[in-house]
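Source file: upload_26.txt (compact mmCIF, C-alpha atoms)
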# COMPACT_ATOMS: atom_id res chain seq x y z
CA MET G 1 -19.50 37.02 0.51
CA LEU G 2 -19.80 33.24 0.23
CA GLU G 3 -19.39 33.56 -3.53
CA GLN G 4 -16.04 35.30 -3.12
CA ILE G 5 -14.90 32.67 -0.60
CA ASP G 6 -16.04 29.92 -2.96
CA LYS G 7 -14.11 31.50 -5.82
CA TYR G 8 -10.98 31.68 -3.67
CA PHE G 9 -11.03 27.98 -2.77
CA ASN G 10 -11.93 26.99 -6.33
CA ASN G 11 -8.94 28.95 -7.69
CA GLU G 12 -11.17 31.26 -9.70
CA LEU G 13 -9.54 34.51 -8.49
CA SER G 14 -6.62 36.28 -10.17
CA LEU G 15 -3.31 36.38 -8.32
CA SER G 16 -3.86 39.94 -7.09
CA GLU G 17 -7.42 39.13 -5.98
CA ARG G 18 -6.11 36.12 -4.08
CA LYS G 19 -3.54 38.25 -2.29
CA ASP G 20 -6.18 40.85 -1.40
CA PHE G 21 -8.45 38.11 -0.08
CA GLU G 22 -5.69 36.61 2.09
CA HIS G 23 -4.68 40.01 3.41
CA GLN G 24 -8.31 40.92 4.21
CA LEU G 25 -8.77 37.57 5.94
CA ALA G 26 -6.15 38.46 8.54
CA THR G 27 -7.79 41.80 9.32
CA ASP G 28 -11.54 41.45 8.63
CA ALA G 29 -13.28 39.43 11.37
CA GLU G 30 -16.50 39.02 9.39
CA LEU G 31 -14.73 37.58 6.36
CA ALA G 32 -12.69 35.27 8.61
CA ASP G 33 -15.85 34.14 10.34
CA ASN G 34 -17.61 33.37 7.06
CA THR G 35 -14.58 31.60 5.66
CA ALA G 36 -14.38 29.45 8.78
CA PHE G 37 -18.08 28.65 8.36
CA TYR G 38 -17.42 27.63 4.73
CA LEU G 39 -14.56 25.33 5.75
CA ASN G 40 -16.39 23.86 8.77
CA ALA G 41 -19.44 23.25 6.57
CA ASN G 42 -17.27 21.48 4.01
CA LEU G 43 -15.76 19.23 6.70
CA ALA G 44 -19.24 18.51 8.09
CA ALA G 45 -20.56 17.71 4.60
CA LYS G 46 -17.58 15.46 3.99
CA ASN G 47 -18.26 13.63 7.27
CA LEU G 48 -21.90 13.21 6.32
CA ALA G 49 -20.97 11.91 2.85
CA ASN G 50 -18.54 9.46 4.49
CA GLU G 51 -21.19 8.28 6.94
CA LYS G 52 -23.62 7.66 4.09
CA ARG G 53 -20.99 5.79 2.11
CA LYS G 54 -20.09 3.74 5.21
CA ALA G 55 -23.74 2.77 5.60
CA GLU G 56 -23.80 1.69 1.94
CA PHE G 57 -20.64 -0.38 2.41
CA ASP G 58 -22.19 -1.91 5.51
CA THR G 59 -25.21 -3.01 3.48
CA LEU G 60 -22.82 -4.43 0.89
CA ARG G 61 -20.97 -6.27 3.65
CA GLN G 62 -24.17 -7.86 4.91
CA GLY G 63 -24.90 -9.00 1.36
CA ILE G 64 -21.43 -10.52 0.99
CA SER G 65 -21.56 -12.18 4.42
CA SER G 66 -24.93 -13.79 3.71
CA ARG G 67 -23.76 -15.39 0.47
CA PRO G 68 -23.56 -19.17 0.77
CA VAL G 69 -20.03 -20.50 1.29
CA ARG G 70 -19.05 -23.14 -1.20
CA LYS G 71 -16.73 -25.73 0.30
CA ILE G 72 -14.55 -27.83 -1.96
CA LYS G 73 -14.75 -31.44 -0.92
CA PRO G 74 -11.87 -33.84 -1.56
CA VAL G 75 -12.35 -35.74 -4.75
CA SER G 76 -11.17 -39.31 -4.89
CA TRP G 77 -12.76 -40.22 -8.21
CA ALA G 78 -11.11 -40.37 -11.55
CA VAL G 79 -9.35 -37.25 -12.81
CA GLY G 80 -11.78 -37.04 -15.72
CA ILE G 81 -14.76 -36.63 -13.43
CA ALA G 82 -12.93 -33.99 -11.39
CA ALA G 83 -12.08 -32.07 -14.54
CA SER G 84 -15.71 -32.20 -15.68
CA ILE G 85 -16.92 -30.90 -12.33
CA LEU G 86 -14.37 -28.09 -12.38
CA LEU G 87 -15.44 -27.14 -15.87
CA VAL G 88 -19.08 -26.95 -14.87
CA VAL G 89 -18.22 -25.00 -11.71
CA GLY G 90 -16.04 -22.68 -13.78
CA PHE G 91 -18.84 -21.85 -16.20
CA TRP G 92 -21.23 -21.37 -13.31
CA ARG G 93 -18.87 -18.98 -11.55
CA ILE G 94 -18.33 -16.88 -14.69
CA ASN G 95 -22.06 -16.70 -15.16
CA GLN G 96 -22.59 -15.80 -11.48
CA ALA G 97 -19.99 -13.02 -11.63
CA SER G 98 -21.56 -11.32 -14.62
CA GLU G 99 -25.05 -11.59 -13.16
CA THR G 100 -23.90 -10.07 -9.86
CA ASN G 101 -22.23 -7.23 -11.71
CA THR G 102 -25.20 -6.38 -13.93
CA ASP G 103 -27.50 -6.53 -10.93
CA GLU G 104 -25.14 -4.35 -8.91
CA PHE G 105 -24.83 -1.81 -11.73
CA ALA G 106 -28.60 -1.63 -12.10
CA ASN G 107 -29.06 -1.34 -8.33
CA ILE G 108 -26.73 1.62 -8.10
CA TYR G 109 -28.40 3.35 -11.05
CA ILE G 110 -31.84 2.80 -9.51
CA GLN G 111 -30.62 3.97 -6.11
CA GLU G 112 -29.09 7.13 -7.55
CA HIS G 113 -31.76 8.07 -10.09
CA PHE G 114 -35.04 6.49 -9.04
CA GLU G 115 -35.03 7.12 -5.31
CA ASN G 116 -36.74 10.48 -5.66
CA LEU G 117 -38.46 11.88 -8.73
CA PRO G 118 -38.71 15.61 -9.51
CA VAL G 119 -41.88 17.23 -8.18
CA LYS G 120 -42.97 20.73 -9.21
CA MET G 121 -43.29 23.12 -6.30
CA ASP G 122 -46.43 24.95 -7.47
CA ALA G 123 -49.68 24.55 -5.56
CA ASN G 124 -51.68 23.22 -8.55
CA ALA G 125 -51.14 19.55 -7.91
CA ASP G 126 -52.36 17.55 -10.92
CA SER G 127 -52.58 13.76 -10.86
CA LEU G 128 -49.06 13.31 -12.19
CA GLN G 129 -47.58 15.49 -9.44
CA MET G 130 -49.66 13.63 -6.87
CA GLY G 131 -48.28 10.33 -8.18
CA LEU G 132 -44.74 11.67 -7.96
CA ARG G 133 -45.29 12.83 -4.38
CA LEU G 134 -46.60 9.40 -3.41
CA PHE G 135 -43.60 7.82 -5.14
CA ASN G 136 -41.22 10.01 -3.13
CA GLU G 137 -43.08 9.05 0.04
CA LYS G 138 -42.33 5.41 -0.91
CA LYS G 139 -46.04 4.69 -1.42
CA LEU G 140 -45.21 2.93 -4.64
CA LYS G 141 -48.40 0.93 -5.13
CA GLU G 142 -50.53 4.04 -4.70
CA ALA G 143 -48.28 5.98 -7.07
CA GLN G 144 -48.58 3.16 -9.60
CA ARG G 145 -52.38 3.29 -9.43
CA ILE G 146 -52.32 7.00 -10.20
CA PHE G 147 -49.90 6.70 -13.14
CA GLU G 148 -51.93 3.85 -14.58
CA ALA G 149 -55.16 5.80 -14.15
CA ILE G 150 -53.65 8.67 -16.15
CA LEU G 151 -52.58 6.21 -18.85
CA TYR G 152 -56.10 4.83 -18.98
CA ARG G 153 -57.24 8.32 -20.02
CA LYS G 154 -54.17 9.31 -22.09
CA ASN G 155 -52.42 6.14 -23.15
CA ASN G 156 -49.66 7.95 -25.05
CA ASP G 157 -48.60 10.36 -22.32
CA SER G 158 -44.82 9.93 -22.31
CA GLU G 159 -44.25 11.30 -18.79
CA SER G 160 -46.84 8.94 -17.28
CA ILE G 161 -45.44 5.98 -19.23
CA LYS G 162 -41.96 6.82 -17.96
CA TYR G 163 -43.01 7.13 -14.32
CA ALA G 164 -45.26 4.05 -14.50
CA GLY G 165 -42.23 2.13 -15.81
CA ILE G 166 -39.92 3.46 -13.08
CA THR G 167 -42.50 2.60 -10.41
CA ALA G 168 -42.91 -0.93 -11.77
CA LEU G 169 -39.12 -1.28 -11.81
CA ARG G 170 -38.90 -0.17 -8.18
CA LEU G 171 -41.64 -2.64 -7.29
CA GLY G 172 -39.69 -5.45 -8.95
CA GLU G 173 -42.38 -5.92 -11.62
CA TYR G 174 -39.83 -6.17 -14.41
CA ASP G 175 -42.11 -7.49 -17.17
CA LYS G 176 -44.47 -4.60 -16.62
CA ALA G 177 -41.59 -2.10 -16.48
CA LEU G 178 -40.24 -3.47 -19.77
CA GLU G 179 -43.62 -3.07 -21.41
CA TYR G 180 -43.74 0.62 -20.40
CA PHE G 181 -40.15 1.38 -21.36
CA ARG G 182 -40.53 -0.37 -24.73
CA SER G 183 -43.63 1.67 -25.42
CA LEU G 184 -41.77 4.85 -24.38
CA GLY G 185 -38.76 3.91 -26.53
CA LYS G 186 -41.00 3.67 -29.60
CA GLN G 187 -42.16 7.29 -29.30
CA THR G 188 -40.33 9.29 -31.93
CA ASN G 189 -41.74 12.76 -31.22
CA LEU G 190 -39.85 13.35 -27.97
CA PHE G 191 -36.97 15.78 -27.55
CA SER G 192 -35.28 13.39 -25.15
CA ASN G 193 -36.27 9.73 -24.78
CA PRO G 194 -34.76 7.54 -22.04
CA GLY G 195 -36.94 4.52 -22.97
CA LYS G 196 -34.19 2.37 -24.49
CA PHE G 197 -31.71 3.06 -21.69
CA TYR G 198 -34.27 2.32 -18.98
CA GLU G 199 -35.18 -0.86 -20.84
CA ALA G 200 -31.51 -1.89 -20.63
CA ILE G 201 -31.42 -1.11 -16.88
CA THR G 202 -34.55 -3.23 -16.36
CA LEU G 203 -33.08 -6.12 -18.35
CA MET G 204 -30.00 -5.97 -16.11
CA LYS G 205 -32.27 -6.66 -13.15
CA GLN G 206 -33.94 -9.66 -14.76
CA GLN G 207 -32.30 -12.98 -14.01
CA PRO G 208 -30.85 -14.70 -15.94
CA VAL G 209 -29.49 -11.65 -17.71
CA ASN G 210 -29.84 -11.56 -21.47
CA LYS G 211 -26.39 -10.09 -22.08
CA LYS G 212 -26.76 -9.82 -25.83
CA GLU G 213 -30.00 -7.87 -25.56
CA VAL G 214 -28.52 -5.48 -22.97
CA GLU G 215 -25.41 -4.90 -25.09
CA ASP G 216 -27.47 -4.29 -28.23
CA LEU G 217 -29.70 -1.81 -26.43
CA LEU G 218 -26.77 0.11 -24.96
CA GLN G 219 -25.15 0.23 -28.39
CA GLU G 220 -28.43 1.56 -29.85
CA VAL G 221 -28.50 4.27 -27.16
CA ILE G 222 -24.94 5.28 -28.09
CA ASP G 223 -25.39 5.10 -31.87
CA ASN G 224 -28.60 7.12 -31.85
CA ASN G 225 -27.39 9.63 -29.26
CA LEU G 226 -30.31 8.83 -26.97
CA GLU G 227 -30.76 9.82 -23.33
CA GLY G 228 -28.42 7.74 -21.16
CA LYS G 229 -25.70 7.81 -23.83
CA SER G 230 -22.92 8.96 -21.51
CA GLU G 231 -23.68 6.19 -18.97
CA ALA G 232 -23.93 3.62 -21.77
CA GLU G 233 -20.57 4.78 -23.14
CA LYS G 234 -18.90 4.52 -19.75
CA ILE G 235 -19.96 0.89 -19.52
CA SER G 236 -18.94 0.12 -23.08
CA ASN G 237 -15.52 1.75 -22.76
CA GLN G 238 -14.52 -0.43 -19.83
CA MET M 239 -18.06 -4.23 -20.80
CA ILE M 240 -17.28 -3.89 -17.12
CA PHE M 241 -20.10 -6.08 -15.86
CA PHE M 242 -19.48 -8.85 -18.33
CA GLY M 243 -15.75 -8.99 -17.66
CA ARG M 244 -13.61 -10.76 -15.09
CA SER M 245 -14.82 -10.78 -11.54
CA ALA M 246 -11.64 -9.08 -10.18
CA LEU M 247 -10.81 -5.58 -11.39
CA SER M 248 -7.24 -4.73 -12.42
CA ASP M 249 -5.42 -1.88 -10.64
CA GLU M 250 -5.75 0.22 -13.77
CA ALA M 251 -9.52 -0.31 -13.97
CA ILE M 252 -9.89 0.56 -10.28
CA LEU M 253 -7.97 3.83 -10.64
CA LYS M 254 -9.83 4.76 -13.82
CA GLY M 255 -13.19 3.94 -12.23
CA ILE M 256 -12.59 5.95 -9.06
CA ILE M 257 -11.71 9.13 -10.94
CA SER M 258 -14.66 8.80 -13.30
CA ASP M 259 -18.04 10.11 -12.20
CA GLY M 260 -21.50 8.86 -11.35
CA ILE M 261 -22.47 5.25 -11.56
CA LEU M 262 -19.16 3.89 -12.83
CA GLN M 263 -17.39 5.40 -9.84
CA ARG M 264 -19.85 3.82 -7.36
CA THR M 265 -19.69 0.44 -9.10
CA THR M 266 -15.89 0.47 -9.04
CA GLU M 267 -15.78 1.47 -5.37
CA ASN M 268 -18.21 -1.32 -4.44
CA LYS M 269 -16.22 -3.80 -6.47
CA LEU M 270 -13.01 -2.67 -4.75
CA TYR M 271 -14.70 -3.13 -1.37
CA GLU M 272 -15.64 -6.69 -2.31
CA GLN M 273 -12.27 -7.49 -3.86
CA TYR M 274 -10.27 -7.21 -0.64
CA PHE M 275 -13.08 -8.07 1.73
CA TYR M 276 -11.07 -11.01 3.05
CA PHE M 277 -8.80 -8.51 4.86
CA ILE M 278 -11.55 -8.37 7.51
CA LYS M 279 -11.27 -12.07 8.27
CA ASP M 280 -7.45 -11.81 8.36
CA ALA M 281 -7.63 -9.02 10.94
CA THR M 282 -9.91 -11.01 13.21
CA PHE M 283 -7.18 -13.68 13.41
CA LYS M 284 -4.07 -11.54 13.25
CA HIS M 285 -5.15 -8.65 15.50
CA GLN M 286 -7.87 -10.44 17.48
CA LEU M 287 -10.43 -7.82 16.50
CA SER M 288 -14.15 -8.51 16.40
CA GLU M 289 -15.62 -8.80 12.91
CA ASP M 290 -17.53 -5.51 13.34
CA GLU M 291 -14.40 -3.66 14.46
CA ALA M 292 -12.37 -5.08 11.57
CA ALA M 293 -15.17 -4.25 9.08
CA SER M 294 -15.37 -0.65 10.31
CA LEU M 295 -11.59 -0.23 9.94
CA TYR M 296 -11.75 -1.85 6.50
CA THR M 297 -14.42 0.65 5.39
CA ASP M 298 -12.24 3.51 6.68
CA THR M 299 -9.35 2.04 4.70
CA ILE M 300 -11.34 1.92 1.47
CA LEU M 301 -12.60 5.49 1.98
CA ALA M 302 -9.07 6.73 2.73
CA PHE M 303 -7.79 5.02 -0.42
CA ILE M 304 -10.56 6.54 -2.57
CA GLU M 305 -9.75 10.00 -1.21
CA ASN M 306 -6.05 9.51 -1.86
CA VAL M 307 -6.73 8.49 -5.44
CA LYS M 308 -9.04 11.46 -6.05
CA LYS M 309 -6.52 13.87 -4.56
CA GLN M 310 -3.71 12.24 -6.57
CA ARG M 311 -1.86 11.20 -3.42
CA PHE M 312 -1.64 7.60 -4.58
CA GLU M 313 1.48 7.47 -6.71
CA GLY M 314 1.13 3.89 -7.87
CA LYS M 315 4.54 2.87 -6.51
CA SER M 316 3.03 -0.30 -5.12
CA ALA M 317 0.12 -2.49 -6.12
CA ILE M 318 -3.27 -1.39 -4.79
CA LYS M 319 -3.53 -4.55 -2.70
CA THR M 320 -0.21 -3.84 -0.95
CA TYR M 321 -1.09 -0.18 -0.43
CA LEU M 322 -4.53 -1.03 1.00
CA TYR M 323 -3.08 -3.70 3.26
CA GLN M 324 -0.57 -1.21 4.64
CA ILE M 325 -3.27 1.37 5.43
CA PHE M 326 -5.50 -1.32 6.93
CA SER M 327 -2.71 -2.78 9.13
CA ASN M 328 -1.82 0.70 10.40
CA LYS M 329 -5.46 1.38 11.23
CA CYS M 330 -5.74 -1.94 13.10
CA VAL M 331 -2.59 -1.23 15.12
CA ASP M 332 -3.76 2.35 15.88
CA PHE M 333 -7.13 1.03 16.98
CA LEU M 334 -5.53 -1.54 19.30
CA ARG M 335 -3.21 1.08 20.79
CA LYS M 336 -6.12 3.41 21.45
CA THR M 337 -8.25 0.76 23.07
CA THR M 338 -5.49 -0.71 25.20
CA THR M 339 -4.15 2.57 26.61
CA ASN M 340 -5.79 5.60 28.18
CA LYS M 341 -4.15 7.95 25.76
CA MET M 342 -7.03 8.29 23.35
CA ASN M 343 -7.54 11.97 24.07
CA VAL M 344 -3.88 12.75 23.52
CA HIS M 345 -4.30 11.77 19.86
CA ASP M 346 -7.38 13.91 19.33
CA ALA M 347 -6.47 17.06 17.43
CA GLN M 348 -8.32 19.98 15.93
CA PRO M 349 -9.37 19.22 12.36
CA ILE M 350 -7.10 20.75 9.73
CA HIS M 351 -8.70 21.52 6.42
CA ASP M 352 -6.50 20.64 3.43
CA TRP M 353 -7.58 23.81 1.67
CA ILE M 354 -5.83 26.13 4.13
CA LEU M 355 -2.47 24.38 4.05
CA ALA M 356 -1.22 26.49 1.16
CA MET M 357 -2.35 29.81 2.68
CA PRO M 358 0.02 32.45 4.09
CA ASP M 359 0.68 31.93 7.82
CA ASP M 360 -1.27 34.93 9.14
CA ALA M 361 -4.46 34.02 7.25
CA LYS M 362 -3.99 30.34 8.10
CA ASN M 363 -3.56 31.08 11.82
CA VAL M 364 -6.74 33.16 11.93
CA LEU M 365 -8.74 30.37 10.28
CA GLN M 366 -7.16 27.56 12.28
CA LYS M 367 -8.45 29.18 15.47
CA LEU M 368 -11.98 29.29 14.05
CA ILE M 369 -12.11 25.75 12.67
CA SER M 370 -13.24 23.48 15.43
CA ASP M 371 -14.48 19.97 15.82
CA ASN M 372 -17.48 21.20 17.80
CA GLU M 373 -18.59 23.59 15.07
CA VAL M 374 -18.21 20.79 12.51
CA LYS M 375 -20.43 18.56 14.66
CA VAL M 376 -23.09 21.27 14.95
CA LEU M 377 -23.03 21.85 11.20
CA TYR M 378 -23.21 18.10 10.59
CA GLU M 379 -26.57 18.10 12.37
CA ARG M 380 -27.76 21.31 10.67
CA ILE M 381 -27.12 19.86 7.20
CA LYS M 382 -29.65 17.16 8.08
CA ASP M 383 -32.21 19.92 8.72
CA LEU M 384 -31.86 21.21 5.15
CA GLY M 385 -34.38 20.20 2.48
CA GLU M 386 -33.61 16.99 0.64
CA LYS M 387 -32.29 18.62 -2.53
CA CYS M 388 -30.02 20.98 -0.58
CA GLN M 389 -28.81 18.12 1.57
CA GLN M 390 -27.86 16.12 -1.54
CA MET M 391 -26.19 19.16 -3.02
CA VAL M 392 -24.12 20.01 0.08
CA THR M 393 -23.16 16.37 0.64
CA ALA M 394 -22.00 16.04 -2.96
CA TRP M 395 -19.90 19.20 -2.49
CA GLY M 396 -18.42 17.69 0.70
CA GLU M 397 -17.61 14.55 -1.22
CA GLY M 398 -15.53 16.64 -3.59
CA PHE M 399 -17.82 16.70 -6.62
CA SER M 400 -17.31 19.66 -8.95
CA ASP M 401 -20.27 21.83 -10.01
CA ASN M 402 -20.11 20.12 -13.39
CA GLU M 403 -20.49 16.69 -11.76
CA ILE M 404 -23.19 17.96 -9.40
CA ALA M 405 -25.13 19.35 -12.39
CA LYS M 406 -24.96 15.98 -14.14
CA GLU M 407 -25.80 13.90 -11.08
CA LEU M 408 -28.58 16.06 -9.67
CA GLY M 409 -30.10 17.12 -12.99
CA TYR M 410 -29.21 20.83 -13.19
CA GLN M 411 -29.03 22.30 -16.66
CA THR M 412 -25.56 23.81 -16.38
CA PRO M 413 -22.66 23.81 -13.88
CA ASN M 414 -23.38 27.49 -13.28
CA VAL M 415 -26.98 26.79 -12.24
CA ALA M 416 -25.64 24.08 -9.92
CA LYS M 417 -23.15 26.53 -8.43
CA VAL M 418 -25.79 29.20 -7.77
CA SER M 419 -28.05 26.57 -6.14
CA ARG M 420 -25.15 25.23 -4.07
CA LEU M 421 -24.31 28.69 -2.74
CA ARG M 422 -28.00 29.27 -1.93
CA CYS M 423 -28.01 26.02 0.03
CA LEU M 424 -24.89 27.13 1.91
CA ASP M 425 -26.66 30.41 2.69
CA LYS M 426 -29.61 28.47 4.12
CA LEU M 427 -27.21 26.34 6.14
CA ARG M 428 -25.56 29.45 7.54
CA GLU M 429 -28.96 30.80 8.57
CA LEU M 430 -29.82 27.55 10.35
CA TYR M 431 -26.41 27.49 12.00
CA ARG M 432 -26.61 31.03 13.34
CA ARG M 433 -30.23 30.82 14.43

Output the file's structure in the form of structure tokens.
Amino acid sequence: MLEQIDKYFNNELSLSERKDFEHQLATDAELADNTAFYLNANLAAKNLANEKRKAEFDTLRQGISSRPVRKIKPVSWAVGIAASILLVVGFWRINQASETNTDEFANIYIQEHFENLPVKMDANADSLQMGLRLFNEKKLKEAQRIFEAILYRKNNDSESIKYAGITALRLGEYDKALEYFRSLGKQTNLFSNPGKFYEAITLMKQQPVNKKEVEDLLQEVIDNNLEGKSEAEKISNQ
Amino acid sequence: MIFFGRSALSDEAILKGIISDGILQRTTENKLYEQYFYFIKDATFKHQLSEDEAASLYTDTILAFIENVKKQRFEGKSAIKTYLYQIFSNKCVDFLRKTTTNKMNVHDAQPIHDWILAMPDDAKNVLQKLISDNEVKVLYERIKDLGEKCQQMVTAWGEGFSDNEIAKELGYQTPNVAKVSRLRCLDKLRELYRR
């Protein structure tokens, strides 16, 4: 029944089916009850999504509020000196803005994609699955030990390299993460390889940002149709 | 590239970013939030609100604007800054009215879901009686009892993501697989709700 209700609100019914549905709604208590559930659930989900977004904005607000305030002091020196200072400040501000943006972009990507990693539901938990579970339980150091132990035995295992890289990235160990993602990116036998794109994300977190290297990597992802292409294109098209 | 460009986004870039999906949308929304952040300080002077109150109203303003853009209610007749300031000022005045009078409850109304507005009257009346703030509150809590994946799925649906977007964001192979999973999650939610 929910499928029919879903089709109605997604405009997937023909005109006659829509009319039947609306007519039935006024006379069939069970359908009305389920439709009300569907709508109430959507409002509740919307409220929950809004609450989550509000919490994210609140975190952003705290970040903005804690930034140091730069006060401009009156300058009584020669105009030349003032101009020089302004020039330096100008360059610094441009540099700051781009660094904040790359960092912010990387943070959102990490938050949306590396908060939880996919775990298989079967009971046969191998080491990799155990590492992933620990990762999802935010026991990142323990997860890292497991991924690295697997790599000690099978140093070319692409899944373990990927997850070891993601874990290092989450731990803020960017040099280590880059090493893993570069090694992943070099593997040519994979159906889908996110190595280059993850390398770009990691570089965005490193300060100061090497803009040229990030741009080149994103371009490589696009040109070679690698995993992460659509995200890379979105950034490039702006 | 967006993150190497100017620090302030143009109106066009904001509108384009909000209707895109995934990470670009979030980045644009965050940037928008930062861009007019100074409204909060203004409100503390102009309306004598505390910084927390002004910040909460500012967040509501940004969320209302995002929804209006997604639902194509923003016609672009004024600049985004002007439009946002108008919404924000109205929210500040409403808030002051509510806190300085005892008429808060008079303004409380049953929630009206946008989706039923275009329905014939008889069907709409039946549903309007069944949609209630209390039920929404109960369901809000029940969604939190769902498994993590289902919770993400249902929240994304509430946020207005299509099955295509949900498939991309949550890693389902096709929009159809996402749809089937979403309906299963709603089934689970219904079970929890009626238990």

- What is the atom CA of G:Ala200-atom CA of G:Leu217 distance in Å, reported with one decimal?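 So the two atoms, atom CA of G:Ala200 and atom CA of G:Leu217, lie 6.1 Å apart.
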
Set the distance at 12 Å and use only C-alpha atoms: which residues neighbour G:Phe181 once local chain neighbours fewer than 2 positions away are removed? I'd like the list as a PDB file with C-alpha atoms, keeping the file's coordinate frame.
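Everything below was put into part.pdb:
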ATOM      1  CA  SER G 158     -44.820   9.930 -22.310  1.00  0.00           C
ATOM      2  CA  GLU G 159     -44.250  11.300 -18.790  1.00  0.00           C
ATOM      3  CA  SER G 160     -46.840   8.940 -17.280  1.00  0.00           C
ATOM      4  CA  ILE G 161     -45.440   5.980 -19.230  1.00  0.00           C
ATOM      5  CA  LYS G 162     -41.960   6.820 -17.960  1.00  0.00           C
ATOM      6  CA  TYR G 163     -43.010   7.130 -14.320  1.00  0.00           C
ATOM      7  CA  ALA G 164     -45.260   4.050 -14.500  1.00  0.00           C
ATOM      8  CA  GLY G 165     -42.230   2.130 -15.810  1.00  0.00           C
ATOM      9  CA  ILE G 166     -39.920   3.460 -13.080  1.00  0.00           C
ATOM     10  CA  THR G 167     -42.500   2.600 -10.410  1.00  0.00           C
ATOM     11  CA  ALA G 168     -42.910  -0.930 -11.770  1.00  0.00           C
ATOM     12  CA  LEU G 169     -39.120  -1.280 -11.810  1.00  0.00           C
ATOM     13  CA  TYR G 174     -39.830  -6.170 -14.410  1.00  0.00           C
ATOM     14  CA  ASP G 175     -42.110  -7.490 -17.170  1.00  0.00           C
ATOM     15  CA  LYS G 176     -44.470  -4.600 -16.620  1.00  0.00           C
ATOM     16  CA  ALA G 177     -41.590  -2.100 -16.480  1.00  0.00           C
ATOM     17  CA  LEU G 178     -40.240  -3.470 -19.770  1.00  0.00           C
ATOM     18  CA  GLU G 179     -43.620  -3.070 -21.410  1.00  0.00           C
ATOM     19  CA  SER G 183     -43.630   1.670 -25.420  1.00  0.00           C
ATOM     20  CA  LEU G 184     -41.770   4.850 -24.380  1.00  0.00           C
ATOM     21  CA  GLY G 185     -38.760   3.910 -26.530  1.00  0.00           C
ATOM     22  CA  LYS G 186     -41.000   3.670 -29.600  1.00  0.00           C
ATOM     23  CA  GLN G 187     -42.160   7.290 -29.300  1.00  0.00           C
ATOM     24  CA  ASN G 193     -36.270   9.730 -24.780  1.00  0.00           C
ATOM     25  CA  PRO G 194     -34.760   7.540 -22.040  1.00  0.00           C
ATOM     26  CA  GLY G 195     -36.940   4.520 -22.970  1.00  0.00           C
ATOM     27  CA  LYS G 196     -34.190   2.370 -24.490  1.00  0.00           C
ATOM     28  CA  PHE G 197     -31.710   3.060 -21.690  1.00  0.00           C
ATOM     29  CA  TYR G 198     -34.270   2.320 -18.980  1.00  0.00           C
ATOM     30  CA  GLU G 199     -35.180  -0.860 -20.840  1.00  0.00           C
ATOM     31  CA  ALA G 200     -31.510  -1.890 -20.630  1.00  0.00           C
ATOM     32  CA  ILE G 201     -31.420  -1.110 -16.880  1.00  0.00           C
ATOM     33  CA  THR G 202     -34.550  -3.230 -16.360  1.00  0.00           C
ATOM     34  CA  LEU G 203     -33.080  -6.120 -18.350  1.00  0.00           C
TER      35      LEU G 203
END

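Once M:Ala281 and its same-chain neighbours fewer than 3 positions away are set aside, Tyr276, Phe277, Ile278, Lys284, His285, Gln286, Leu287, Ser288, Glu289, Glu291, Ala292, Ala293, Leu295, Tyr296, Phe326, Ser327 and Cys330 of chain M remain within 10 Å of it when counting only C-alpha atoms.
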
- Which residue gives the smallest distance to chain M among G:Ile5, G:Leu218, G:Ala41, G:Leu31, with all atoms listed in the file counted?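 Checking each of G:Ile5, G:Leu218, G:Ala41, G:Leu31 against chain M, counting all atoms listed in the file, the winner is G:Ala41.
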
- Task: Have a look at G:Met1, G:Leu43, G:Val214, G:Leu190 and name the one nearest to chain M; count only C-alpha atoms.
- Result: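 Checking each candidate against chain M, we get G:Leu43 as the closest.
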
- Query: If we count all atoms listed in the file, what is near stretch 104-119 of chain G at a cut-off of 7 Å, once residues fewer than 3 positions away on the same chain are taken out, given as a ChimeraX atom specification?
  - Reply: /G:100-101,129,132-133,136,201,204-205 /M:261,265

- Query: Looking at G:Arg153, G:Lys120, G:Arg170, G:Lys234, which one is nearest to chain M, with distances taken over all atoms listed in the file?
  - Reply: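 Of the candidates, the smallest distance to chain M is held by G:Lys234.
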
Find the residues around stretch 305-322 of chain M up to 8 Å (all atoms listed in the file counted), leave out those fewer than 2 positions away in its own chain, and share them as an mmCIF file with C-alpha atoms, keeping the file's coordinate frame.
data_model
loop_
_atom_site.group_PDB
_atom_site.id
_atom_site.type_symbol
_atom_site.label_atom_id
_atom_site.label_comp_id
_atom_site.auth_asym_id
_atom_site.auth_seq_id
_atom_site.Cartn_x
_atom_site.Cartn_y
_atom_site.Cartn_z
ATOM 1 C CA ASP M 249 -5.420 -1.880 -10.640
ATOM 2 C CA LEU M 253 -7.970 3.830 -10.640
ATOM 3 C CA ILE M 256 -12.590 5.950 -9.060
ATOM 4 C CA ILE M 257 -11.710 9.130 -10.940
ATOM 5 C CA TYR M 274 -10.270 -7.210 -0.640
ATOM 6 C CA THR M 299 -9.350 2.040 4.700
ATOM 7 C CA ILE M 300 -11.340 1.920 1.470
ATOM 8 C CA LEU M 301 -12.600 5.490 1.980
ATOM 9 C CA ALA M 302 -9.070 6.730 2.730
ATOM 10 C CA PHE M 303 -7.790 5.020 -0.420
ATOM 11 C CA GLN M 324 -0.570 -1.210 4.640
ATOM 12 C CA ILE M 325 -3.270 1.370 5.430
ATOM 13 C CA PHE M 326 -5.500 -1.320 6.930
#

- Task: Provide the atom CA of G:Lys54 to atom CA of M:Thr266 distance in Å, to one decimal place.
- Result: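 Computed distance, atom CA of G:Lys54 to atom CA of M:Thr266, equals 15.2 Å.
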
- With distances taken over only C-alpha atoms, which of M:Thr337, M:Asn402, M:Thr412, M:Ser294 is nearest to chain G?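 With only C-alpha atoms as the atom set, the closest residue is M:Ser294.
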